[in-house]
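A.B. asks: File run37.cif follows (mmCIF, C-alpha atoms and all ligand atoms):
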data_work
#
loop_
_atom_site.label_atom_id
_atom_site.label_comp_id
_atom_site.auth_asym_id
_atom_site.auth_seq_id
_atom_site.Cartn_x
_atom_site.Cartn_y
_atom_site.Cartn_z
CA HIS A 537 17.57 -11.18 12.86
CA ALA A 538 16.64 -14.64 11.63
CA LYS A 539 17.78 -13.80 8.12
CA SER A 540 21.43 -13.62 9.07
CA ALA A 541 21.18 -16.88 10.98
CA GLY A 542 20.33 -18.71 7.78
CA LYS A 543 17.31 -20.50 6.47
CA ALA A 544 17.25 -23.42 8.90
CA ALA A 545 17.11 -21.07 11.85
CA PHE A 546 14.39 -19.08 10.16
CA LEU A 547 12.12 -22.12 10.04
CA PHE A 548 12.08 -22.36 13.82
CA TYR A 549 12.42 -18.68 14.55
CA ASP A 550 8.72 -17.90 14.73
CA SER A 551 7.70 -20.83 16.91
CA SER A 552 5.27 -18.56 18.74
CA MET A 553 3.30 -17.96 15.55
CA GLU A 554 0.35 -20.11 14.58
CA GLU A 555 2.38 -22.03 12.02
CA THR A 556 4.64 -24.91 12.95
CA GLY A 557 7.89 -25.44 11.07
CA LEU A 558 6.26 -28.11 8.94
CA GLU A 559 3.28 -25.96 8.03
CA ARG A 560 5.60 -23.18 7.07
CA LEU A 561 7.67 -25.54 4.94
CA ALA A 562 4.53 -26.65 3.12
CA LEU A 563 3.50 -23.04 2.60
CA GLU A 564 6.96 -22.24 1.22
CA ASN A 565 6.67 -25.06 -1.29
CA ASP A 566 3.25 -23.86 -2.39
CA LEU A 567 4.42 -20.24 -2.59
CA ARG A 568 7.13 -21.21 -5.06
CA LYS A 569 4.37 -22.13 -7.54
CA ALA A 570 1.78 -19.52 -6.61
CA LEU A 571 2.81 -17.05 -9.32
CA GLU A 572 2.92 -19.54 -12.22
CA ASN A 573 -0.31 -21.16 -10.99
CA ASN A 574 -2.08 -17.78 -11.16
CA GLU A 575 -2.97 -17.91 -7.48
CA LEU A 576 -2.04 -14.30 -6.70
CA VAL A 577 -4.82 -11.72 -6.81
CA LEU A 578 -5.07 -8.02 -6.18
CA PHE A 579 -7.69 -6.41 -4.00
CA TYR A 580 -8.24 -2.65 -4.21
CA GLN A 581 -8.99 -0.20 -1.42
CA PRO A 582 -10.37 3.21 -2.45
CA GLN A 583 -8.80 6.48 -1.36
CA VAL A 584 -11.58 8.99 -0.86
CA ASP A 585 -11.10 12.74 -1.26
CA THR A 586 -13.62 13.87 1.34
CA GLN A 587 -13.70 17.44 0.02
CA ALA A 588 -14.35 16.51 -3.60
CA GLY A 589 -16.56 13.63 -2.42
CA LYS A 590 -15.03 11.08 -4.76
CA VAL A 591 -12.43 8.38 -5.13
CA VAL A 592 -9.05 9.73 -6.25
CA GLY A 593 -7.27 6.40 -6.38
CA ALA A 594 -6.99 2.92 -4.99
CA GLU A 595 -4.25 0.91 -3.35
CA ALA A 596 -3.62 -2.53 -4.85
CA LEU A 597 -3.12 -5.10 -2.11
CA MET A 598 -1.93 -8.62 -2.82
CA ARG A 599 -3.70 -11.75 -1.64
CA TRP A 600 -2.86 -15.38 -2.24
CA ARG A 601 -5.75 -17.59 -3.27
CA HIS A 602 -4.41 -20.88 -1.93
CA PRO A 603 -6.08 -23.97 -3.44
CA GLU A 604 -6.74 -25.54 -0.02
CA GLN A 605 -6.45 -22.70 2.48
CA GLY A 606 -8.41 -20.05 0.63
CA LEU A 607 -7.48 -16.37 0.71
CA ILE A 608 -4.21 -15.78 2.57
CA PRO A 609 -3.41 -12.22 3.75
CA PRO A 610 -0.04 -10.57 2.98
CA PHE A 611 1.38 -10.76 6.51
CA ARG A 612 1.48 -14.55 6.13
CA PHE A 613 3.28 -14.76 2.79
CA ILE A 614 5.05 -11.47 1.90
CA PRO A 615 7.79 -11.94 4.54
CA LEU A 616 8.16 -15.53 3.31
CA ALA A 617 8.39 -14.35 -0.31
CA GLU A 618 11.07 -11.85 0.72
CA GLU A 619 13.01 -14.54 2.58
CA MET A 620 12.77 -16.91 -0.39
CA GLY A 621 13.84 -14.38 -3.01
CA LEU A 622 10.44 -14.47 -4.71
CA ILE A 623 9.30 -10.95 -3.89
CA ALA A 624 10.88 -9.22 -6.91
CA ALA A 625 8.97 -11.43 -9.37
CA MET A 626 5.78 -11.18 -7.35
CA GLY A 627 6.14 -7.43 -7.02
CA GLU A 628 6.65 -7.05 -10.77
CA TRP A 629 3.53 -9.10 -11.31
CA THR A 630 1.67 -6.72 -8.98
CA ILE A 631 2.68 -3.65 -10.97
CA ARG A 632 1.80 -5.31 -14.29
CA GLU A 633 -1.54 -6.61 -12.99
CA ALA A 634 -2.48 -3.23 -11.49
CA CYS A 635 -1.70 -1.54 -14.84
CA ASN A 636 -3.70 -4.16 -16.73
CA GLN A 637 -6.62 -3.62 -14.35
CA VAL A 638 -6.57 0.11 -15.08
CA LYS A 639 -6.83 -0.81 -18.78
CA ARG A 640 -9.66 -3.31 -18.18
CA PHE A 641 -11.55 -0.62 -16.25
CA ALA A 642 -10.96 1.92 -19.02
CA ALA A 643 -12.23 -0.54 -21.65
CA ALA A 644 -15.41 -0.84 -19.56
CA GLY A 645 -15.73 2.95 -19.29
CA VAL A 646 -14.58 3.04 -15.67
CA VAL A 647 -11.92 5.59 -14.74
CA LEU A 648 -9.48 4.73 -11.97
CA PRO A 649 -7.43 7.96 -11.74
CA LYS A 650 -4.57 6.42 -9.75
CA VAL A 651 -3.44 2.99 -8.67
CA ALA A 652 -0.94 2.66 -5.84
CA VAL A 653 1.32 -0.38 -5.62
CA ASN A 654 3.51 -1.43 -2.70
CA VAL A 655 7.22 -1.93 -3.35
CA SER A 656 9.31 -4.18 -1.12
CA ALA A 657 12.75 -3.02 -0.02
CA LEU A 658 14.20 -6.13 -1.69
CA GLN A 659 12.57 -5.14 -4.97
CA PHE A 660 14.14 -1.70 -4.94
CA THR A 661 17.34 -2.56 -6.85
CA PRO A 662 19.25 -0.44 -9.40
CA SER A 663 17.34 -2.17 -12.24
CA PHE A 664 13.95 -1.44 -10.71
CA SER A 665 13.14 1.68 -12.71
CA ARG A 666 14.01 -0.16 -15.93
CA LYS A 667 11.50 -2.87 -15.02
CA VAL A 668 8.84 -0.31 -14.24
CA ARG A 669 9.46 1.41 -17.56
CA ALA A 670 9.20 -1.92 -19.40
CA ILE A 671 5.83 -2.63 -17.75
CA LEU A 672 4.54 0.84 -18.59
CA GLU A 673 5.61 0.43 -22.22
CA GLU A 674 4.20 -3.09 -22.44
CA THR A 675 0.81 -2.14 -20.98
CA GLY A 676 0.62 1.35 -22.48
CA VAL A 677 -0.76 2.79 -19.25
CA ASP A 678 -0.30 6.52 -18.60
CA PRO A 679 2.62 6.64 -16.10
CA GLY A 680 0.78 9.35 -14.18
CA VAL A 681 -1.77 6.75 -13.12
CA LEU A 682 0.82 4.62 -11.36
CA GLU A 683 1.95 5.46 -7.85
CA LEU A 684 4.63 3.47 -6.05
CA GLU A 685 4.44 3.12 -2.28
CA LEU A 686 7.83 2.87 -0.64
CA THR A 687 8.53 2.61 3.06
CA GLU A 688 11.00 4.84 4.82
CA GLY A 689 13.37 1.88 5.09
CA VAL A 690 13.40 1.42 1.30
CA VAL A 691 14.23 5.03 0.66
CA MET A 692 16.83 5.33 3.38
CA GLY A 693 18.67 2.08 2.56
CA ASP A 694 21.47 3.71 0.59
CA THR A 695 20.89 7.39 0.25
CA SER A 696 22.78 8.19 -2.97
CA THR A 697 21.45 5.10 -4.76
CA SER A 698 17.96 6.01 -3.57
CA VAL A 699 18.12 9.57 -4.81
CA GLN A 700 19.17 8.30 -8.24
CA ALA A 701 16.61 5.48 -8.36
CA LEU A 702 13.77 7.72 -7.19
CA GLY A 703 14.80 10.35 -9.72
CA GLU A 704 14.66 7.76 -12.51
CA LEU A 705 11.19 6.69 -11.43
CA ARG A 706 10.01 10.28 -11.26
CA ASP A 707 11.41 10.88 -14.75
CA LEU A 708 9.19 8.06 -15.99
CA GLY A 709 6.22 10.09 -14.77
CA VAL A 710 5.11 7.79 -11.95
CA SER A 711 4.41 9.28 -8.55
CA LEU A 712 6.07 8.26 -5.30
CA SER A 713 4.48 7.85 -1.91
CA ILE A 714 5.98 7.12 1.50
CA ASP A 715 3.97 4.34 3.13
CA ASP A 716 3.50 3.89 6.88
CA PHE A 717 4.99 7.33 7.37
CA GLY A 718 6.42 7.92 10.83
CA THR A 719 6.95 4.26 11.76
CA GLY A 720 10.46 3.92 10.35
CA TYR A 721 13.47 6.19 10.46
CA SER A 722 13.65 9.21 12.69
CA SER A 723 15.54 11.34 10.18
CA LEU A 724 13.16 13.59 8.32
CA SER A 725 15.73 15.24 6.09
CA TYR A 726 15.05 12.70 3.32
CA LEU A 727 11.60 14.21 2.84
CA SER A 728 13.04 17.31 1.22
CA ARG A 729 15.98 15.57 -0.46
CA PHE A 730 13.99 12.96 -2.33
CA PRO A 731 11.53 13.61 -5.16
CA LEU A 732 8.38 12.49 -3.32
CA ASP A 733 4.72 13.25 -4.00
CA GLU A 734 2.80 11.89 -1.06
CA LEU A 735 2.91 10.77 2.57
CA LYS A 736 0.65 8.09 3.96
CA ILE A 737 0.03 8.67 7.64
CA ASP A 738 0.23 5.28 9.29
CA ARG A 739 -2.87 3.87 10.94
CA SER A 740 -1.16 3.83 14.34
CA PHE A 741 -1.03 7.66 14.28
CA VAL A 742 -4.67 7.86 13.26
CA VAL A 743 -5.59 5.64 16.22
CA ASP A 744 -3.43 7.63 18.66
CA ALA A 745 -4.71 10.99 17.41
CA VAL A 746 -8.09 10.45 19.04
CA GLU A 747 -6.67 8.65 22.10
CA SER A 748 -4.32 11.29 23.47
CA GLU A 749 -3.31 14.93 23.17
CA GLU A 750 0.24 13.78 22.30
CA GLY A 751 -1.16 11.65 19.47
CA ALA A 752 -3.19 14.58 18.22
CA SER A 753 -0.11 16.85 18.29
CA LEU A 754 1.92 14.35 16.29
CA VAL A 755 -0.67 14.20 13.52
CA ARG A 756 -0.97 17.99 13.46
CA ALA A 757 2.82 18.19 13.07
CA ILE A 758 2.86 15.61 10.26
CA VAL A 759 0.10 17.42 8.39
CA ALA A 760 1.82 20.79 8.78
CA MET A 761 5.09 19.33 7.57
CA ALA A 762 3.51 17.67 4.52
CA GLN A 763 1.74 20.90 3.65
CA GLY A 764 4.95 22.88 4.06
CA LEU A 765 6.79 20.51 1.76
CA GLY A 766 3.99 20.45 -0.79
CA LEU A 767 3.30 16.74 -0.32
CA LYS A 768 -0.11 15.17 -0.72
CA LEU A 769 -1.44 13.28 2.28
CA VAL A 770 -3.44 10.10 2.71
CA ALA A 771 -4.68 9.00 6.13
CA GLU A 772 -4.51 5.22 6.40
CA GLY A 773 -6.82 3.02 8.43
CA VAL A 774 -9.58 5.47 9.32
CA GLU A 775 -12.38 3.41 10.86
CA THR A 776 -14.50 5.71 13.02
CA LEU A 777 -16.41 8.98 12.79
CA GLU A 778 -14.14 10.41 15.49
CA GLN A 779 -11.00 9.59 13.48
CA TYR A 780 -12.61 10.96 10.32
CA ASP A 781 -13.49 14.16 12.15
CA PHE A 782 -10.00 14.64 13.54
CA MET A 783 -8.13 13.84 10.33
CA THR A 784 -10.27 15.97 8.02
CA ALA A 785 -10.39 18.89 10.48
CA THR A 786 -6.58 18.73 10.74
CA GLY A 787 -6.18 18.87 6.97
CA ALA A 788 -5.70 15.21 6.07
CA THR A 789 -8.76 15.10 3.84
CA VAL A 790 -7.94 12.09 1.68
CA ILE A 791 -8.96 8.97 3.57
CA GLN A 792 -8.23 5.28 3.02
CA GLY A 793 -9.88 3.06 5.59
CA TYR A 794 -12.60 0.63 6.56
CA LEU A 795 -14.90 3.61 7.27
CA PHE A 796 -15.31 3.91 3.50
CA SER A 797 -14.34 0.46 2.26
CA PRO A 798 -12.05 -2.49 3.00
CA PRO A 799 -9.89 -3.73 0.12
CA VAL A 800 -12.23 -5.40 -2.40
CA PRO A 801 -11.87 -7.40 -5.64
CA ALA A 802 -11.67 -5.29 -8.82
CA ASP A 803 -15.28 -5.94 -9.86
CA GLU A 804 -16.48 -4.64 -6.50
CA LEU A 805 -14.29 -1.53 -6.77
CA ALA A 806 -15.87 -0.40 -10.06
CA PRO A 807 -19.21 0.78 -8.56
CA LEU A 808 -17.34 2.66 -5.80
CA LEU A 809 -15.64 4.77 -8.50
CA SER A 810 -18.86 6.46 -9.55
CA PRO A 811 -18.69 10.18 -8.65
CA TRP A 812 -21.78 9.82 -6.44
CA HIS A 813 -20.97 6.70 -4.53
CA PHE A 814 -19.49 8.20 -1.35
CA GLN A 815 -21.23 11.59 -1.41
CA GLU A 816 -24.21 10.60 0.70
CA GLN A 817 -22.01 8.86 3.25
CA ILE A 818 -19.75 11.92 3.53
CA GLN A 819 -22.77 14.21 3.97
CA GLY A 820 -23.99 11.88 6.71
CA LEU A 821 -20.61 11.95 8.44
CA GLU A 822 -20.38 15.74 8.19
CA GLY A 823 -23.92 16.00 9.57
CA ASN A 824 -22.82 14.10 12.66
CA ILE A 825 -19.92 16.43 13.38
CA GLN A 826 -20.27 19.63 15.37
CA ARG A 827 -17.66 22.16 14.28
P1 LIG A 901 0.05 -1.24 3.71
O1 LIG A 901 0.66 -0.99 2.39
O2 LIG A 901 0.30 -0.26 4.79
O3 LIG A 901 -1.50 -1.41 3.42
C1 LIG A 901 -2.51 -0.99 4.28
C2 LIG A 901 -3.04 -2.13 5.09
O4 LIG A 901 -3.96 -1.61 6.05
C3 LIG A 901 -3.81 -3.18 4.29
O5 LIG A 901 -3.60 -4.45 4.87
C4 LIG A 901 -5.25 -2.72 4.51
O6 LIG A 901 -6.20 -3.77 4.34
C5 LIG A 901 -5.19 -2.29 5.93
N1 LIG A 901 -6.25 -1.35 6.27
C6 LIG A 901 -6.80 -0.39 5.49
N2 LIG A 901 -7.75 0.30 6.13
C7 LIG A 901 -7.82 -0.22 7.38
C8 LIG A 901 -8.64 0.07 8.51
O7 LIG A 901 -9.49 0.96 8.52
N3 LIG A 901 -8.42 -0.69 9.63
C9 LIG A 901 -7.48 -1.68 9.66
N4 LIG A 901 -7.34 -2.38 10.79
N5 LIG A 901 -6.69 -1.98 8.60
C10 LIG A 901 -6.87 -1.26 7.47
P2 LIG A 901 -3.25 -5.75 4.00
O8 LIG A 901 -3.98 -5.72 2.71
O9 LIG A 901 -3.39 -6.93 4.90
O10 LIG A 901 -1.72 -5.52 3.65
C11 LIG A 901 -0.76 -5.52 4.66
C12 LIG A 901 0.59 -5.09 4.14
O11 LIG A 901 1.11 -6.06 3.23
C13 LIG A 901 0.57 -3.79 3.36
O12 LIG A 901 0.51 -2.69 4.26
C14 LIG A 901 1.86 -3.90 2.60
O13 LIG A 901 2.94 -3.52 3.42
C15 LIG A 901 1.95 -5.39 2.33
N6 LIG A 901 1.53 -5.66 0.94
C16 LIG A 901 0.29 -5.84 0.44
N7 LIG A 901 0.32 -6.05 -0.90
C17 LIG A 901 1.64 -5.98 -1.25
C18 LIG A 901 2.34 -6.10 -2.51
O14 LIG A 901 1.77 -6.28 -3.59
N8 LIG A 901 3.71 -6.00 -2.44
C19 LIG A 901 4.38 -5.78 -1.28
N9 LIG A 901 5.72 -5.69 -1.29
N10 LIG A 901 3.74 -5.64 -0.10
C20 LIG A 901 2.39 -5.74 -0.09
MG MG A 902 0.77 0.50 1.14
MG MG A 903 0.61 1.64 4.85
MG MG A 904 0.41 0.30 7.45
#
Could you express the structure from this file as structure tokens?
Ligand code: C2E
Ligand code: MG
Ligand code: MG
Ligand code: MG

C.D. replies:
Amino acid sequence: HAKSAGKAAFLFYDSSMEETGLERLALENDLRKALENNELVLFYQPQVDTQAGKVVGAEALMRWRHPEQGLIPPFRFIPLAEEMGLIAAMGEWTIREACNQVKRFAAAGVVLPKVAVNVSALQFTPSFSRKVRAILEETGVDPGVLELELTEGVVMGDTSTSVQALGELRDLGVSLSIDDFGTGYSSLSYLSRFPLDELKIDRSFVVDAVESEEGASLVRAIVAMAQGLGLKLVAEGVETLEQYDFMTATGATVIQGYLFSPPVPADELAPLLSPWHFQEQIQGLEGNIQR
């Protein structure tokens, strides 16, 4: 891994990517100031409960509004932020901003029942729950509204530390979701050992489910397991009617994907939160399915 080879090696490590070493260096310099310059923004992607016909939450997804390059997606700067030791501060900003957005919505009479925030493995330190508590106290947001998305790698890093840290977070009243489920560790025992609320089925499984019988079987197994463990499910990256049909018929009825909406700025999310917004679309989808 480039990380262990030091920073200089890291600069040249990804020579196959679109960025040259110099471009990356420039981006690094800019990233150092992005937070204080207020260049980070959150987009929100709705999670639609297809049975209730309404939005049950939204995932907050970070973007970097670069003064010259415009909107930069996370895959271009989150790994850099992790490498540079900036991710903890940026991740704290994300949680605070998401909580403040919930309050801004509420002040405008708009209810966002849940906001999910991604947590980097490097952010998940022993002091993390204290920071989350401080943000909740500072913003006054109901902890039940905040959901933290952790990847399997985060949770599995150090098992005993994780159990304690997750327990502390749960005690605060926030809920915990496993992001990109199925793409990380092969051990499933953590699912019952850790105080989790939700699994997010990774988009790759959603894609495979309609491509092959093996893919379909895997999703059926994941859904059965989540149901058996009493975990909520969200299907990530649903784009097509066929994927919608398979996931909902299999029991993964909460959908987050381009089929319903890409991540959008907060002001564009507000109208999607009306209880009627997705009902017609869902009726249309259901009308196109023969069951
Ligand atoms: P993720 O947490 O798994 O987020 C889901 C990603 O899938 C988002 O990409 C979203 O735009 C994309 N997506 C949703 N529906 C569809 C679909 O139907 N089709 C396709 N092709 N893609 C879909 P995005 O916003 O580019 O974020 C990428 C990753 O960056 C996230 O994956 C997450 O791991 C990371 N990330 C984003 N914001 C933050 C943050 O604030 N903190 C940390 N640590 N990581 C973040
Ligand atoms: Mg996520
Ligand atoms: Mg994900
Ligand atoms: Mg993913």

A.B. asks: Determine, for each residue of chain A having at least one atom at most 9 Å from an atom of ligand LIG 901 (chain A), the closest pair of atoms and their separation in Å to one decimal, counting only C-alpha atoms and all ligand atoms; order by chain and ascending number, as CSV.

C.D. replies:
residue,atom,partner,partner_atom,distance
A:Leu578,CA,A:LIG901,O14,7.5
A:Phe579,CA,A:LIG901,O8,7.7
A:Tyr580,CA,A:LIG901,O8,8.7
A:Gln581,CA,A:LIG901,C6,7.3
A:Glu595,CA,A:LIG901,O3,7.7
A:Ala596,CA,A:LIG901,N7,6.6
A:Leu597,CA,A:LIG901,N7,3.8
A:Met598,CA,A:LIG901,N7,3.9
A:Arg599,CA,A:LIG901,N7,7.0
A:Pro609,CA,A:LIG901,O9,5.4
A:Pro610,CA,A:LIG901,O11,4.7
A:Phe611,CA,A:LIG901,O11,5.7
A:Arg612,CA,A:LIG901,O11,9.0
A:Phe613,CA,A:LIG901,O11,9.0
A:Ile614,CA,A:LIG901,N10,6.3
A:Pro615,CA,A:LIG901,N9,8.8
A:Glu618,CA,A:LIG901,N9,8.4
A:Ile623,CA,A:LIG901,N9,6.9
A:Ala624,CA,A:LIG901,N9,8.4
A:Met626,CA,A:LIG901,O14,7.4
A:Gly627,CA,A:LIG901,N8,5.4
A:Glu628,CA,A:LIG901,O14,8.7
A:Trp629,CA,A:LIG901,O14,8.4
A:Thr630,CA,A:LIG901,O14,5.4
A:Ile631,CA,A:LIG901,O14,7.9
A:Val653,CA,A:LIG901,O14,6.3
A:Asn654,CA,A:LIG901,N8,4.6
A:Val655,CA,A:LIG901,N9,4.5
A:Ser656,CA,A:LIG901,N9,3.9
A:Ala657,CA,A:LIG901,N9,7.6
A:Leu658,CA,A:LIG901,N9,8.5
A:Gln659,CA,A:LIG901,N9,7.8
A:Glu685,CA,A:LIG901,O1,7.3
A:Leu686,CA,A:LIG901,O1,8.7
A:Thr687,CA,A:LIG901,O13,8.3
A:Asp715,CA,A:LIG901,O2,6.1
A:Asp716,CA,A:LIG901,O2,5.6
A:Lys736,CA,A:LIG901,O2,8.4
A:Asp738,CA,A:LIG901,O2,7.1
A:Arg739,CA,A:LIG901,N3,7.3
A:Glu772,CA,A:LIG901,N2,5.9
A:Gly773,CA,A:LIG901,O7,3.4
A:Val774,CA,A:LIG901,O7,4.6
A:Glu775,CA,A:LIG901,O7,4.5
A:Thr776,CA,A:LIG901,O7,8.2
A:Gln792,CA,A:LIG901,N2,5.9
A:Gly793,CA,A:LIG901,N2,3.5
A:Tyr794,CA,A:LIG901,O7,3.7
A:Leu795,CA,A:LIG901,O7,6.2
A:Phe796,CA,A:LIG901,O7,8.2
A:Ser797,CA,A:LIG901,N2,7.6
A:Pro798,CA,A:LIG901,N2,6.0
A:Pro799,CA,A:LIG901,O6,5.6

A.B. asks: Tell me, in Å to one decimal, how far CA of Ala788 (chain A) is from CA of Leu735 (chain A).

C.D. replies: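 Atom-to-atom, CA of Ala788 (chain A) and CA of Leu735 (chain A) are spaced 10.3 Å apart.
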
A.B. asks: Counting only C-alpha atoms, figure out which residue out of A:Asp694, A:Glu734, A:Glu572, A:Glu750 gets nearest to Leu712 (chain A).

C.D. replies: A:Glu734

A.B. asks: With distances taken over all atoms listed in the file, which of A:Gln587, A:Glu816, A:Gly709, A:Ala617 is nearest to Arg669 (chain A)?

C.D. replies: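 For Arg669 (chain A), the nearest of the given residues is A:Gly709.
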
A.B. asks: Taking into account all atoms listed in the file, which residue in the set A:Ile714, A:Leu672, A:Val690, A:Ala757 is nearest to ligand MG 903 (chain A)?

C.D. replies: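 Nearest candidate to ligand MG 903 (chain A) out of A:Ile714, A:Leu672, A:Val690, A:Ala757: A:Ile714.
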
A.B. asks: Identify which of the residues A:Trp600, A:Phe664, A:Phe717, A:Phe730 lies closest to ligand MG 904 (chain A), counting only C-alpha atoms and all ligand atoms when measuring atom-to-atom distances.

C.D. replies: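 That would be A:Phe717, the residue with the smallest distance to ligand MG 904 (chain A).
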
A.B. asks: For a test of reading the model, state the distance in Å between CA of Glu619 (chain A) and atom MG of ligand MG 902 (chain A), rounded to one decimal.

C.D. replies: 19.4 Å

A.B. asks: Which one is closest to Ile791 (chain A): A:Arg560, A:Arg568, A:Lys590, A:Arg706? Count all atoms listed in the file.

C.D. replies: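 Looking only at the distances to Ile791 (chain A), the closest residue turns out to be A:Lys590.
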
A.B. asks: When you draw a straight line from CA of Leu727 (chain A) to CA of Ser713 (chain A), how long is it in Å?

C.D. replies: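 CA of Leu727 (chain A) sits 10.7 Å away from CA of Ser713 (chain A).
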
A.B. asks: Let me make sure I understand: among A:Ala562, A:Val668, A:Val681, A:Val591, which one has the smallest atom-to-atom distance to Ala701 (chain A) if we use all atoms listed in the file?

C.D. replies: A:Val668

A.B. asks: Could you give me, as a list in words, the residues within 8 Å of Val638 (chain A), counting all atoms listed in the file and dropping anything in the same chain fewer than 5 positions from it?

C.D. replies: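 That gives Val647, Leu648, Val651 and Val677 of chain A.
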
A.B. asks: When you look at Val790 (chain A) with a cut-off of 7 Å (counting all atoms listed in the file), what residues show up, excluding the ones that are within fewer than 3 positions of it in the same chain? I need them as a list in words.

C.D. replies: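 The filter keeps Gln583, Val584, Asp585, Thr586, Leu769, Val770 and Ala771 of chain A.
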